[in-house]
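Structure data follow from work-v4.cif (mmCIF, C-alpha atoms):
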```cif
data_target
#
loop_
_atom_site.label_atom_id
_atom_site.label_comp_id
_atom_site.auth_asym_id
_atom_site.auth_seq_id
_atom_site.Cartn_x
_atom_site.Cartn_y
_atom_site.Cartn_z
CA MET A 148 19.80 -10.18 -27.93
CA ILE A 149 19.71 -7.64 -25.11
CA ILE A 150 19.87 -8.70 -21.47
CA ASN A 151 19.44 -5.73 -19.24
CA PHE A 152 21.23 -5.73 -15.92
CA ASP A 153 21.27 -1.94 -15.71
CA ASN A 154 17.93 -1.52 -14.02
CA ALA A 155 19.30 0.77 -11.31
CA ALA A 156 19.58 3.38 -14.07
CA THR A 157 16.09 2.73 -15.39
CA THR A 158 14.07 -0.45 -15.45
CA PHE A 159 13.53 -2.16 -18.76
CA PRO A 160 11.42 -3.86 -19.93
CA LYS A 161 8.31 -2.22 -18.49
CA PRO A 162 5.26 -4.22 -17.46
CA GLU A 163 2.56 -4.74 -20.09
CA SER A 164 0.12 -2.69 -17.99
CA VAL A 165 2.53 0.27 -18.08
CA ARG A 166 2.83 0.07 -21.85
CA ARG A 167 -0.96 -0.02 -22.10
CA ALA A 168 -1.26 2.99 -19.77
CA ALA A 169 1.10 4.99 -21.99
CA ALA A 170 -0.92 4.09 -25.07
CA LEU A 171 -4.19 4.94 -23.34
CA ALA A 172 -2.82 8.31 -22.27
CA MET A 173 -1.90 9.11 -25.85
CA GLU A 174 -5.30 8.01 -27.11
CA LYS A 175 -7.64 9.56 -24.55
CA PHE A 176 -5.90 11.86 -22.11
CA GLY A 177 -4.28 14.40 -24.38
CA GLY A 178 -5.60 17.53 -22.68
CA ASN A 179 -3.69 19.91 -20.46
CA ALA A 180 -4.43 18.97 -16.85
CA GLY A 181 -5.77 21.74 -14.62
CA ARG A 182 -5.81 24.27 -17.44
CA GLY A 183 -9.37 24.35 -18.79
CA GLY A 184 -13.01 23.50 -18.30
CA HIS A 185 -13.63 21.54 -21.49
CA GLU A 186 -14.05 17.81 -21.52
CA LEU A 187 -10.58 16.91 -22.71
CA SER A 188 -8.88 19.00 -20.05
CA MET A 189 -11.21 17.83 -17.27
CA ARG A 190 -10.80 14.19 -18.26
CA THR A 191 -7.03 14.56 -18.26
CA SER A 192 -7.11 16.41 -14.93
CA GLU A 193 -9.06 13.55 -13.40
CA ALA A 194 -6.53 11.04 -14.70
CA LEU A 195 -3.69 13.05 -13.19
CA TYR A 196 -5.47 13.28 -9.84
CA SER A 197 -6.06 9.54 -9.92
CA ALA A 198 -2.30 9.03 -10.39
CA ARG A 199 -1.65 11.33 -7.42
CA GLU A 200 -4.04 9.28 -5.30
CA THR A 201 -2.27 6.03 -6.22
CA VAL A 202 1.15 7.47 -5.36
CA ALA A 203 -0.18 8.98 -2.12
CA ASP A 204 -1.76 5.73 -1.06
CA PHE A 205 1.39 3.75 -1.85
CA PHE A 206 3.66 5.99 0.23
CA GLY A 207 1.15 7.04 2.91
CA ALA A 208 0.84 10.68 1.87
CA GLN A 209 -1.93 13.09 0.94
CA PRO A 210 -2.67 13.45 -2.82
CA GLU A 211 -2.07 17.21 -2.73
CA ASN A 212 1.43 16.60 -1.37
CA VAL A 213 2.44 14.48 -4.36
CA VAL A 214 4.43 16.52 -6.89
CA PHE A 215 5.24 15.07 -10.29
CA THR A 216 8.72 15.98 -11.49
CA LEU A 217 10.91 15.13 -14.46
CA ASN A 218 13.02 12.64 -12.50
CA CYS A 219 14.58 12.15 -9.09
CA THR A 220 17.31 14.69 -9.81
CA TYR A 221 14.72 17.43 -10.29
CA ALA A 222 12.91 16.38 -7.13
CA LEU A 223 16.14 16.47 -5.11
CA ASN A 224 17.14 19.85 -6.55
CA MET A 225 13.71 21.23 -5.67
CA ALA A 226 13.96 19.85 -2.15
CA VAL A 227 17.56 20.90 -1.46
CA GLN A 228 17.29 24.39 -2.97
CA GLY A 229 13.72 24.89 -1.81
CA ILE A 230 14.41 24.06 1.83
CA MET A 231 17.80 25.81 2.01
CA LYS A 232 16.75 29.00 0.21
CA ASN A 233 17.31 31.16 3.28
CA GLY A 234 20.60 29.58 4.28
CA GLY A 235 21.59 27.42 7.21
CA HIS A 236 23.50 24.20 7.65
CA MET A 237 22.88 21.00 5.73
CA ILE A 238 24.20 17.48 6.17
CA ILE A 239 24.38 14.94 3.38
CA SER A 240 25.58 11.37 3.53
CA GLY A 241 29.00 10.37 2.27
CA ILE A 242 27.49 8.23 -0.49
CA GLU A 243 24.95 10.68 -1.96
CA HIS A 244 24.28 10.76 -5.67
CA ASN A 245 25.32 13.95 -7.49
CA SER A 246 21.65 14.91 -7.79
CA ALA A 247 21.71 15.79 -4.09
CA ALA A 248 25.43 16.42 -3.62
CA ARG A 249 25.84 18.90 -6.48
CA PRO A 250 23.01 21.32 -5.60
CA ALA A 251 24.17 21.22 -1.97
CA ALA A 252 27.80 21.78 -2.96
CA LYS A 253 26.84 24.65 -5.26
CA LEU A 254 24.94 26.43 -2.48
CA ALA A 255 27.93 25.90 -0.19
CA ALA A 256 30.41 27.18 -2.80
CA GLU A 257 28.29 30.30 -3.17
CA LYS A 258 28.42 30.70 0.64
CA LYS A 259 24.64 30.48 0.84
CA ILE A 260 24.72 27.46 3.14
CA SER A 261 27.27 25.50 5.11
CA LEU A 262 27.57 21.84 4.27
CA SER A 263 28.78 18.78 6.14
CA ILE A 264 29.23 15.29 4.77
CA ALA A 265 28.53 12.40 7.11
CA LYS A 266 30.88 9.44 6.85
CA ILE A 267 29.15 6.13 6.25
CA TYR A 268 30.09 2.88 7.99
CA PRO A 269 28.97 -0.71 7.61
CA GLU A 270 27.60 -0.51 11.16
CA ARG A 271 24.27 1.31 11.32
CA GLN A 272 24.95 2.76 14.77
CA LYS A 273 28.28 4.23 13.70
CA THR A 274 26.63 5.83 10.68
CA LEU A 275 23.91 7.25 12.88
CA GLU A 276 26.49 8.68 15.28
CA SER A 277 28.28 10.20 12.33
CA PHE A 278 25.15 12.19 11.41
CA LYS A 279 24.39 13.05 15.01
CA ASN A 280 27.85 14.45 15.64
CA LEU A 281 27.46 16.91 12.76
CA ILE A 282 24.16 18.43 13.90
CA ARG A 283 24.43 22.10 14.88
CA ASP A 284 21.98 24.69 16.14
CA ASP A 285 21.49 25.98 12.59
CA THR A 286 21.14 22.58 10.89
CA LYS A 287 18.07 22.81 8.69
CA ALA A 288 18.11 19.63 6.67
CA ILE A 289 19.65 16.20 6.32
CA VAL A 290 19.71 14.55 2.91
CA CYS A 291 20.26 10.85 2.94
CA THR A 292 19.82 8.15 0.37
CA ILE A 293 17.83 5.16 1.55
CA ALA A 294 19.95 2.80 -0.55
CA GLY A 295 23.13 3.93 -2.29
CA ASN A 296 23.16 3.68 -6.07
CA VAL A 297 26.68 2.22 -6.36
CA THR A 298 26.63 -0.73 -3.95
CA GLY A 299 23.00 -0.66 -2.83
CA GLN A 300 24.03 -0.19 0.82
CA ILE A 301 20.93 0.54 2.88
CA LEU A 302 21.46 3.39 5.33
CA PRO A 303 19.70 3.64 8.71
CA TYR A 304 17.15 6.09 7.33
CA LYS A 305 14.46 5.46 9.94
CA GLU A 306 16.89 6.20 12.75
CA ILE A 307 18.17 9.30 10.94
CA ALA A 308 14.54 10.39 10.53
CA GLN A 309 14.04 10.04 14.28
CA LEU A 310 17.11 12.15 14.86
CA CYS A 311 15.71 14.82 12.54
CA ARG A 312 12.37 14.83 14.33
CA LYS A 313 14.11 15.27 17.67
CA TYR A 314 16.02 18.34 16.46
CA ASN A 315 13.27 19.70 14.16
CA ILE A 316 15.43 19.14 11.09
CA CYS A 317 13.90 18.50 7.68
CA PHE A 318 14.66 14.94 6.56
CA ILE A 319 14.97 14.62 2.80
CA ALA A 320 15.21 11.01 1.65
CA ASP A 321 16.46 9.89 -1.75
CA GLY A 322 14.43 6.81 -2.56
CA ALA A 323 15.61 6.31 -6.14
CA GLN A 324 17.08 2.84 -5.50
CA ALA A 325 14.62 1.85 -2.79
CA CYS A 326 11.09 2.75 -3.86
CA GLY A 327 9.26 -0.22 -5.32
CA ILE A 328 11.86 -2.57 -3.86
CA MET A 329 11.54 -1.66 -0.19
CA ASN A 330 8.41 -0.76 1.71
CA ILE A 331 8.96 2.99 2.08
CA LYS A 332 6.35 5.10 3.89
CA MET A 333 6.22 8.75 4.86
CA SER A 334 5.40 7.50 8.35
CA ASP A 335 9.01 6.24 8.52
CA GLY A 336 9.66 9.86 9.51
CA ILE A 337 10.41 11.22 6.05
CA ASN A 338 9.54 14.88 5.53
CA ILE A 339 10.35 14.95 1.82
CA LEU A 340 10.72 11.82 -0.27
CA CYS A 341 12.35 12.19 -3.68
CA THR A 342 12.33 9.34 -6.09
CA ALA A 343 12.32 8.34 -9.72
CA GLY A 344 9.15 7.13 -11.39
CA HIS A 345 11.05 5.11 -13.99
CA LYS A 346 13.13 2.78 -11.82
CA GLY A 347 11.54 0.51 -9.20
CA LEU A 348 8.12 2.05 -9.83
CA TYR A 349 8.30 0.98 -13.52
CA GLY A 350 6.96 4.20 -15.06
CA ILE A 351 8.46 5.64 -18.22
CA THR A 352 11.57 7.83 -18.31
CA GLY A 353 10.93 11.50 -17.63
CA THR A 354 9.04 10.78 -14.43
CA GLY A 355 9.96 11.57 -10.85
CA LEU A 356 8.23 12.31 -7.58
CA LEU A 357 8.62 14.74 -4.74
CA ILE A 358 6.36 13.79 -1.86
CA SER A 359 6.04 16.03 1.16
CA ASP A 360 4.50 15.44 4.55
CA GLY A 361 3.53 19.12 4.50
CA LYS A 362 5.62 20.06 7.53
CA PHE A 363 8.35 22.08 5.83
CA LYS A 364 7.70 24.79 3.25
CA ILE A 365 9.53 24.14 -0.01
CA ASN A 366 10.29 27.35 -1.88
CA PRO A 367 9.80 26.82 -5.60
CA ILE A 368 12.93 27.05 -7.74
CA ILE A 369 10.88 27.40 -10.92
CA GLN A 370 8.00 29.82 -11.41
CA GLY A 371 5.35 29.83 -14.09
CA GLY A 372 1.87 28.77 -15.04
CA THR A 373 0.04 26.68 -12.48
CA GLY A 374 -3.52 26.93 -13.85
CA SER A 375 -4.70 28.96 -10.88
CA ASN A 376 -4.38 32.51 -9.48
CA SER A 377 -3.12 33.59 -12.88
CA GLU A 378 -4.03 37.23 -12.16
CA SER A 379 -1.16 37.34 -9.65
CA LEU A 380 2.51 37.60 -10.57
CA VAL A 381 3.35 35.78 -7.35
CA GLN A 382 3.85 32.04 -7.53
CA PRO A 383 1.17 30.24 -5.48
CA ASP A 384 2.68 28.45 -2.50
CA ILE A 385 0.07 25.73 -2.48
CA LEU A 386 1.05 22.14 -3.26
CA PRO A 387 1.28 20.45 -5.66
CA GLU A 388 0.74 23.17 -8.26
CA GLY A 389 3.21 25.60 -6.64
CA LEU A 390 5.98 23.12 -7.47
CA GLU A 391 4.53 21.99 -10.79
CA SER A 392 4.88 25.04 -13.01
CA GLY A 393 4.15 24.27 -16.63
CA THR A 394 2.36 21.39 -18.25
CA VAL A 395 2.60 18.17 -16.27
CA ASN A 396 3.72 14.94 -17.94
CA VAL A 397 0.32 13.26 -17.67
CA THR A 398 1.34 10.29 -19.81
CA GLY A 399 4.26 9.76 -17.47
CA ALA A 400 2.09 10.12 -14.38
CA MET A 401 -0.34 7.54 -15.74
CA THR A 402 2.50 5.10 -16.31
CA VAL A 403 3.75 5.66 -12.76
CA LYS A 404 0.26 4.86 -11.52
CA ALA A 405 0.20 1.66 -13.60
CA GLY A 406 3.73 0.81 -12.44
CA ILE A 407 2.83 1.20 -8.78
CA GLU A 408 -0.25 -0.95 -9.28
CA PHE A 409 2.00 -3.58 -10.86
CA VAL A 410 4.45 -3.39 -7.94
CA ARG A 411 1.59 -3.65 -5.45
CA LYS A 412 0.14 -6.65 -7.19
CA THR A 413 3.53 -8.38 -7.41
CA GLY A 414 4.45 -7.42 -3.85
CA VAL A 415 7.38 -5.23 -2.81
CA GLU A 416 8.79 -8.01 -0.64
CA ASN A 417 8.55 -10.51 -3.51
CA ILE A 418 10.34 -8.13 -5.87
CA PHE A 419 13.14 -7.57 -3.37
CA ALA A 420 13.46 -11.31 -2.71
CA HIS A 421 13.56 -12.15 -6.44
CA GLU A 422 16.19 -9.54 -7.27
CA GLU A 423 18.32 -10.24 -4.21
CA LYS A 424 18.27 -13.96 -4.96
CA ILE A 425 19.70 -13.20 -8.40
CA CYS A 426 22.33 -10.90 -6.85
CA ARG A 427 23.40 -13.56 -4.37
CA ARG A 428 23.68 -16.18 -7.10
CA PHE A 429 25.69 -13.77 -9.21
CA ILE A 430 28.06 -13.12 -6.30
CA GLN A 431 28.33 -16.81 -5.55
CA GLU A 432 29.32 -17.52 -9.16
CA LEU A 433 31.94 -14.76 -9.19
CA LYS A 434 33.49 -15.58 -5.83
CA SER A 435 35.66 -18.39 -7.18
CA ASP A 436 37.62 -15.92 -9.30
CA LYS A 437 40.18 -14.24 -7.10
CA ARG A 438 40.71 -11.44 -9.61
CA ILE A 439 37.20 -10.15 -8.91
CA LYS A 440 36.45 -7.77 -6.08
CA ILE A 441 32.83 -7.44 -5.01
CA TYR A 442 31.89 -4.32 -3.06
CA ARG A 443 29.75 -5.79 -0.34
CA ASP A 444 30.91 -6.04 3.25
CA GLY A 445 29.64 -8.68 5.62
CA ILE A 446 27.80 -6.26 7.87
CA SER A 447 25.71 -3.84 5.79
CA GLU A 448 22.29 -4.56 4.34
CA TYR A 449 21.95 -4.07 0.59
CA ALA A 450 19.34 -3.30 -2.01
CA PRO A 451 19.65 -5.67 -5.00
CA ILE A 452 22.72 -4.08 -6.62
CA VAL A 453 26.20 -5.57 -7.00
CA SER A 454 29.24 -3.47 -7.79
CA PHE A 455 32.40 -5.28 -8.80
CA ASN A 456 35.75 -4.89 -10.50
CA ILE A 457 38.17 -7.24 -12.20
CA ASN A 458 41.70 -6.57 -10.99
CA SER A 459 43.51 -5.60 -14.13
CA ILE A 460 40.61 -4.50 -16.33
CA PRO A 461 39.19 -0.95 -16.18
CA PRO A 462 35.45 -1.04 -15.40
CA GLU A 463 34.44 0.66 -18.66
CA LYS A 464 36.41 -1.95 -20.58
CA THR A 465 34.66 -4.77 -18.71
CA ALA A 466 31.22 -3.29 -19.45
CA SER A 467 32.17 -2.74 -23.05
CA ARG A 468 33.25 -6.37 -23.49
CA LEU A 469 30.05 -7.61 -21.86
CA ALA A 470 28.01 -5.34 -24.12
CA GLU A 471 29.50 -7.15 -27.12
CA HIS A 472 27.61 -10.20 -25.85
CA GLY A 473 24.36 -8.30 -25.30
CA TYR A 474 24.71 -7.70 -21.57
CA CYS A 475 23.84 -4.20 -20.36
CA LEU A 476 25.74 -3.15 -17.24
CA ARG A 477 26.72 0.33 -16.16
CA ALA A 478 30.37 1.11 -15.52
CA GLY A 479 32.14 4.19 -14.24
CA LEU A 480 31.23 6.52 -11.41
CA HIS A 481 27.44 6.20 -11.67
CA CYS A 482 27.07 9.98 -11.11
CA ALA A 483 28.10 9.39 -7.52
CA ALA A 484 31.61 10.69 -6.93
CA LEU A 485 31.17 10.72 -3.14
CA ALA A 486 30.21 7.05 -3.07
CA HIS A 487 33.27 6.07 -5.12
CA MET A 488 35.55 8.18 -2.93
CA HIS A 489 34.07 6.31 0.02
CA LEU A 490 34.78 2.95 -1.65
CA GLY A 491 38.22 3.98 -2.89
CA THR A 492 37.23 3.27 -6.48
CA GLU A 493 38.29 6.46 -8.24
CA ASN A 494 38.05 4.73 -11.62
CA GLY A 495 34.60 3.42 -10.80
CA THR A 496 33.10 -0.04 -10.74
CA VAL A 497 30.88 -2.21 -12.89
CA ARG A 498 27.33 -2.31 -11.58
CA PHE A 499 24.95 -5.24 -11.90
CA SER A 500 21.31 -4.44 -11.13
CA PRO A 501 18.46 -6.83 -11.92
CA SER A 502 14.75 -6.10 -12.09
CA VAL A 503 11.63 -8.12 -11.42
CA PHE A 504 11.89 -9.41 -15.01
CA SER A 505 15.50 -10.61 -14.72
CA ARG A 506 16.27 -14.31 -14.77
CA GLU A 507 18.76 -16.14 -12.62
CA GLU A 508 20.11 -18.25 -15.49
CA ASN A 509 21.11 -15.09 -17.34
CA ALA A 510 23.03 -13.90 -14.27
CA VAL A 511 24.83 -17.26 -14.16
CA ARG A 512 25.73 -17.01 -17.87
CA LEU A 513 26.92 -13.46 -17.33
CA ALA A 514 29.10 -14.53 -14.38
CA SER A 515 30.63 -17.24 -16.50
CA LEU A 516 31.41 -14.74 -19.22
CA ILE A 517 32.97 -12.34 -16.71
CA LYS A 518 35.24 -15.06 -15.37
CA ASN A 519 36.48 -15.70 -18.88
CA LEU A 520 37.42 -12.09 -19.59
CA MET B 16 -27.50 29.29 2.38
CA ASN B 17 -28.43 26.57 -0.12
CA ASN B 18 -26.48 26.14 -3.36
CA CYS B 19 -23.29 28.11 -3.82
CA PHE B 20 -19.92 28.21 -5.50
CA ALA B 21 -16.79 27.48 -3.51
CA GLU B 22 -13.66 28.80 -5.22
CA MET B 23 -10.82 26.33 -4.92
CA PRO B 24 -7.11 27.19 -4.95
CA SER B 25 -6.31 24.46 -7.45
CA TYR B 26 -7.81 21.65 -9.46
CA THR B 27 -6.20 19.17 -7.05
CA TYR B 28 -8.03 20.62 -4.06
CA ALA B 29 -11.22 20.85 -6.12
CA VAL B 30 -11.18 17.09 -6.74
CA LYS B 31 -10.25 16.31 -3.18
CA ALA B 32 -13.11 18.49 -1.91
CA ALA B 33 -15.61 17.13 -4.43
CA LYS B 34 -14.81 13.54 -3.45
CA LEU B 35 -15.13 14.37 0.22
CA LEU B 36 -18.48 16.16 -0.14
CA ASN B 37 -19.97 13.60 -2.51
CA SER B 38 -19.01 10.83 -0.09
CA ARG B 39 -21.06 12.69 2.51
CA ASN B 40 -24.08 12.99 0.23
CA ILE B 41 -23.51 16.65 -0.56
CA ASN B 42 -23.95 16.88 -4.31
CA CYS B 43 -21.34 18.99 -6.05
CA LYS B 44 -19.36 19.22 -9.24
CA ILE B 45 -16.18 20.88 -10.42
CA VAL B 46 -16.68 23.85 -12.72
CA ARG B 47 -14.33 26.31 -14.36
CA ASN B 48 -14.45 29.80 -12.82
CA ASP B 49 -16.40 32.40 -14.80
CA LYS B 50 -14.33 35.42 -14.05
CA LYS B 51 -10.83 34.25 -13.29
CA CYS B 52 -8.49 31.39 -13.92
CA GLY B 53 -9.10 28.31 -11.82
CA TYR B 54 -11.82 26.00 -10.56
CA SER B 55 -14.78 26.13 -8.22
CA LEU B 56 -17.13 23.61 -6.72
CA ALA B 57 -20.79 24.09 -7.54
CA ILE B 58 -22.39 22.86 -4.35
CA TYR B 59 -26.02 21.78 -4.48
CA GLY B 60 -27.06 21.66 -0.86
CA LYS B 61 -26.38 23.35 2.44
CA CYS B 62 -23.27 25.41 1.99
CA ARG B 63 -22.66 25.77 5.71
CA ASN B 64 -22.47 21.98 6.09
CA ALA B 65 -20.14 21.75 3.11
CA ALA B 66 -17.93 24.51 4.51
CA ASP B 67 -17.75 22.79 7.89
CA ILE B 68 -16.62 19.55 6.28
CA LEU B 69 -13.98 21.27 4.16
CA ASN B 70 -12.71 23.17 7.19
CA LYS B 71 -12.56 19.99 9.23
CA TYR B 72 -10.29 18.43 6.60
CA SER B 73 -8.18 21.61 6.22
CA ILE B 74 -9.13 22.04 2.57
CA PRO B 75 -8.72 25.69 1.57
CA PHE B 76 -11.66 27.34 -0.25
CA ASN B 77 -13.54 30.58 -0.55
CA ILE B 78 -17.29 30.99 -0.86
CA PRO B 79 -18.07 34.37 -2.43
CA ASP B 80 -21.42 36.07 -1.74
CA GLU B 81 -22.98 35.30 -5.07
CA PRO B 82 -25.42 32.37 -4.78
CA LEU B 83 -25.46 29.60 -7.33
CA ARG B 84 -28.15 29.89 -10.00
CA ARG B 85 -29.38 26.49 -11.04
#
```
Any chance you could give the structure as structure tokens?
Amino acid sequence: MIINFDNAATTFPKPESVRRAAALAMEKFGGNAGRGGHELSMRTSEALYSARETVADFFGAQPENVVFTLNCTYALNMAVQGIMKNGGHMIISGIEHNSAARPAAKLAAEKKISLSIAKIYPERQKTLESFKNLIRDDTKAIVCTIAGNVTGQILPYKEIAQLCRKYNICFIADGAQACGIMNIKMSDGINILCTAGHKGLYGITGTGLLISDGKFKINPIIQGGTGSNSESLVQPDILPEGLESGTVNVTGAMTVKAGIEFVRKTGVENIFAHEEKICRRFIQELKSDKRIKIYRDGISEYAPIVSFNINSIPPEKTASRLAEHGYCLRAGLHCAALAHMHLGTENGTVRFSPSVFSREENAVRLASLIKNL
Amino acid sequence: MNNCFAEMPSYTYAVKAAKLLNSRNINCKIVRNDKKCGYSLAIYGKCRNAADILNKYSIPFNIPDEPLRR
């Protein structure tokens, strides 16, 4: 028996409609999108465009500004490196995932950009001030997660977006833990939204999205075939193809479309409420055990994620013992060293993350098991 | 000029343009370019009207001189 509470890494199971979309793609849409004039290619191209339209409509963007990527990490690398290609100053939050922090740190180590890290506080205003105080004349971009992947802390992204607009700074938002769970729109002031297709949007693994509002030019970090202007050795700068070199994962895109339709039908607010209810019950069950530390303060808002530790047991050991009983939880640093430095959890935490398919009674059973470790 | 080809910079823009024109009763379809890689719109109607609509919606395109042979 497998009970998955590691949905912040990737959601599983997937909705029936997503599984059907994957099968349909394999049966009917096996052409190479945007690469030919024959029926199979054209049919596949239409399916891909339809997926773009669904994504665009969901986030309030234009279809041509929707770029399909391999995952959120690729999208963030494309955004960070693409915007900062000609240097300048960048600010990232103090709880960024390595997918944003590492490309930024690499550019800084190579002296191509200067980098500042904004300290995060439970109070939204203090966090906002922290970003504001780091802005310089040459600040080109701010990268900020909407909800951190370790504790789920929701950052004041709309206010940070406003700040960016005021100073003409590109606002790159990491929506990996927020999209599909929170109502995220480009009109929130986001210039570039990077997210996974396989988490809260319920697509298959190997899917990600970079969505632009078209205001800031993103230099491509990968060149290659785009299906157009092939006579030129210069990469086209038109979206989305300019950032989609090589064959697009059409099967993946079709599952993202089906996943978004599922999320829409279920309701983003309902999904959040369901998952957060399970998180709160889980916390309530654990609270009686004084050995357990839960990483939620009383001030911040959180996406439905709970990080915890048991005093004397290393997090990996805890996860390993729970796995023996069929429970899937992620332990360790969650590819987010900055976030764990911020929390003071150098050895990591154990992360509990439900999905729309999770059941409260399983969270209660899990809590009971944890208390008996 | 009636009936023409509009070269599109990508398949994505070709679909966007085709949907826009068809919704305004300008008949068109996406075709593969004859001479170079990429896609065009075969527009069956007044090309000037079609061009005005595409311009209004900031959709990039190019209408070469050669008229469409039906």
When the PyMOL selection byres ((chain B) within 8 of (chain A)) is applied to the structure above, which residues does it catch, written out as a list in words?
Pro24, Ser25, Tyr26, Thr27, Tyr28, Val30, Val46, Arg47, Lys51, Cys52, Gly53 and Tyr54 of chain B
Ranking B:Glu22, B:Ser38, B:Asn17, B:Asn48 by minimum distance to Pro79 (chain B) and counting only C-alpha atoms, which one comes first?
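Distance minimum relative to Pro79 (chain B) lands on B:Glu22.
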So the first atom is CA of Gln431 (chain A) and the second is CA of Lys518 (chain A); what is the distance between them in Å, to one decimal place?
12.1 Å
With the file shown as input, list the residues that the PyMOL selection byres ((chain B and resi 75) around 7) selects, as a ChimeraX atom specification.
/B:23-24,73-74,76
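Take the PyMOL selection byres ((chain B and resi 19) around 7) and apply it to this file: it picks B:Asn17, B:Asn18, B:Phe20, B:Ala21, B:Ala57, B:Ile58, B:Tyr59, B:Cys62, B:Pro82, B:Leu83.
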List as a CSV table (one decimal) with C-alpha atoms, in the coordinates of the input the protein and nucleic acid residues near His345 (chain A), meaning an atom at most 12 Å away when all atoms listed in the file are counted, but skip any in the same chain fewer than 4 places from it.
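Wrote it out as around.csv, contents follow:
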```
chain,number,residue,atom,x,y,z
A,154,ASN,CA,17.9,-1.5,-14.0
A,155,ALA,CA,19.3,0.8,-11.3
A,156,ALA,CA,19.6,3.4,-14.1
A,157,THR,CA,16.1,2.7,-15.4
A,158,THR,CA,14.1,-0.4,-15.4
A,159,PHE,CA,13.5,-2.2,-18.8
A,160,PRO,CA,11.4,-3.9,-19.9
A,161,LYS,CA,8.3,-2.2,-18.5
A,162,PRO,CA,5.3,-4.2,-17.5
A,165,VAL,CA,2.5,0.3,-18.1
A,216,THR,CA,8.7,16.0,-11.5
A,217,LEU,CA,10.9,15.1,-14.5
A,218,ASN,CA,13.0,12.6,-12.5
A,219,CYS,CA,14.6,12.2,-9.1
A,323,ALA,CA,15.6,6.3,-6.1
A,324,GLN,CA,17.1,2.8,-5.5
A,326,CYS,CA,11.1,2.8,-3.9
A,327,GLY,CA,9.3,-0.2,-5.3
A,349,TYR,CA,8.3,1.0,-13.5
A,350,GLY,CA,7.0,4.2,-15.1
A,351,ILE,CA,8.5,5.6,-18.2
A,352,THR,CA,11.6,7.8,-18.3
A,353,GLY,CA,10.9,11.5,-17.6
A,354,THR,CA,9.0,10.8,-14.4
A,355,GLY,CA,10.0,11.6,-10.8
A,356,LEU,CA,8.2,12.3,-7.6
A,399,GLY,CA,4.3,9.8,-17.5
A,400,ALA,CA,2.1,10.1,-14.4
A,401,MET,CA,-0.3,7.5,-15.7
A,402,THR,CA,2.5,5.1,-16.3
A,403,VAL,CA,3.8,5.7,-12.8
A,404,LYS,CA,0.3,4.9,-11.5
A,405,ALA,CA,0.2,1.7,-13.6
A,406,GLY,CA,3.7,0.8,-12.4
A,407,ILE,CA,2.8,1.2,-8.8
A,502,SER,CA,14.8,-6.1,-12.1
```
What is the distance between CA of Ala33 (chain B) and CA of Ser164 (chain A), in Å to one decimal?
28.7 Å
Nearest residue to Ala450 (chain A) out of A:Ala470, A:Ala294, A:Val381, A:Met333, using only C-alpha atoms?
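Ranking A:Ala470, A:Ala294, A:Val381, A:Met333 by distance to Ala450 (chain A), first place goes to A:Ala294.
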Point-to-point distance in Å for CA of His236 (chain A) and CA of Leu310 (chain A)
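Interatomic distance, CA of Leu310 (chain A) to CA of His236 (chain A): 15.4 Å.
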Excluding same-chain residues fewer than 2 positions from Phe206 (chain A), what lies within 9 Å of it counting all atoms listed in the file, as a list in words?
Thr201, Val202, Ala203, Asp204, Ala208, Asn330, Ile331, Lys332, Met333, Ser334 and Ile358 of chain A
Please produce a file of the residues just selected, as a short mmCIF file (atom, residue, chain, number, x, y, z; two decimals), keeping the file's coordinate frame, where the atoms kept are C-alpha atoms.
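Heads up, here's the output in part_33.cif:
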```cif
data_model
loop_
_atom_site.label_atom_id
_atom_site.label_comp_id
_atom_site.auth_asym_id
_atom_site.auth_seq_id
_atom_site.Cartn_x
_atom_site.Cartn_y
_atom_site.Cartn_z
CA THR A 201 -2.27 6.03 -6.22
CA VAL A 202 1.15 7.47 -5.36
CA ALA A 203 -0.18 8.98 -2.12
CA ASP A 204 -1.76 5.73 -1.06
CA ALA A 208 0.84 10.68 1.87
CA ASN A 330 8.41 -0.76 1.71
CA ILE A 331 8.96 2.99 2.08
CA LYS A 332 6.35 5.10 3.89
CA MET A 333 6.22 8.75 4.86
CA SER A 334 5.40 7.50 8.35
CA ILE A 358 6.36 13.79 -1.86
#
```
Using all atoms listed in the file, what residues lie at most 10 Å away from (30.7, -2.9, -10.0) (file coordinates), given as JSON, numbers by chain?
{"A": [297, 298, 439, 440, 441, 442, 452, 453, 454, 455, 456, 457, 462, 465, 466, 476, 477, 478, 479, 480, 481, 492, 495, 496, 497, 498, 499, 500]}
Pick the closest to Gly178 (chain A) from A:Arg166, A:Thr220, A:Arg190, A:Arg443: which is it, counting all atoms listed in the file?
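Selected residue with least distance to Gly178 (chain A): A:Arg190.
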Edge lengths and centre in Å to one decimal, as AutoDock Vina command-line options, is what I'm after for the box along x, y and z that holds all listed atoms of region 444-449 of chain A once 8 Å is added on each side.
```
--center_x 26.4 --center_y -6.3 --center_z 4.2 --size_x 25.0 --size_y 20.8 --size_z 23.3
```
Residues within 12 Å of Arg506 (chain A), please, as a tab-separated table (two decimals) with C-alpha atoms, keeping the file's coordinate frame. Count only C-alpha atoms; anything in the same chain fewer than 6 positions from it doesn't count.
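Writing the result to selection-v6.tsv gives the following:
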```
chain	number	residue	atom	x	y	z
A	150	ILE	CA	19.87	-8.70	-21.47
A	151	ASN	CA	19.44	-5.73	-19.24
A	152	PHE	CA	21.23	-5.73	-15.92
A	421	HIS	CA	13.56	-12.15	-6.44
A	422	GLU	CA	16.19	-9.54	-7.27
A	423	GLU	CA	18.32	-10.24	-4.21
A	424	LYS	CA	18.27	-13.96	-4.96
A	425	ILE	CA	19.70	-13.20	-8.40
A	426	CYS	CA	22.33	-10.90	-6.85
A	428	ARG	CA	23.68	-16.18	-7.10
A	429	PHE	CA	25.69	-13.77	-9.21
A	500	SER	CA	21.31	-4.44	-11.13
A	512	ARG	CA	25.73	-17.01	-17.87
A	513	LEU	CA	26.92	-13.46	-17.33
```
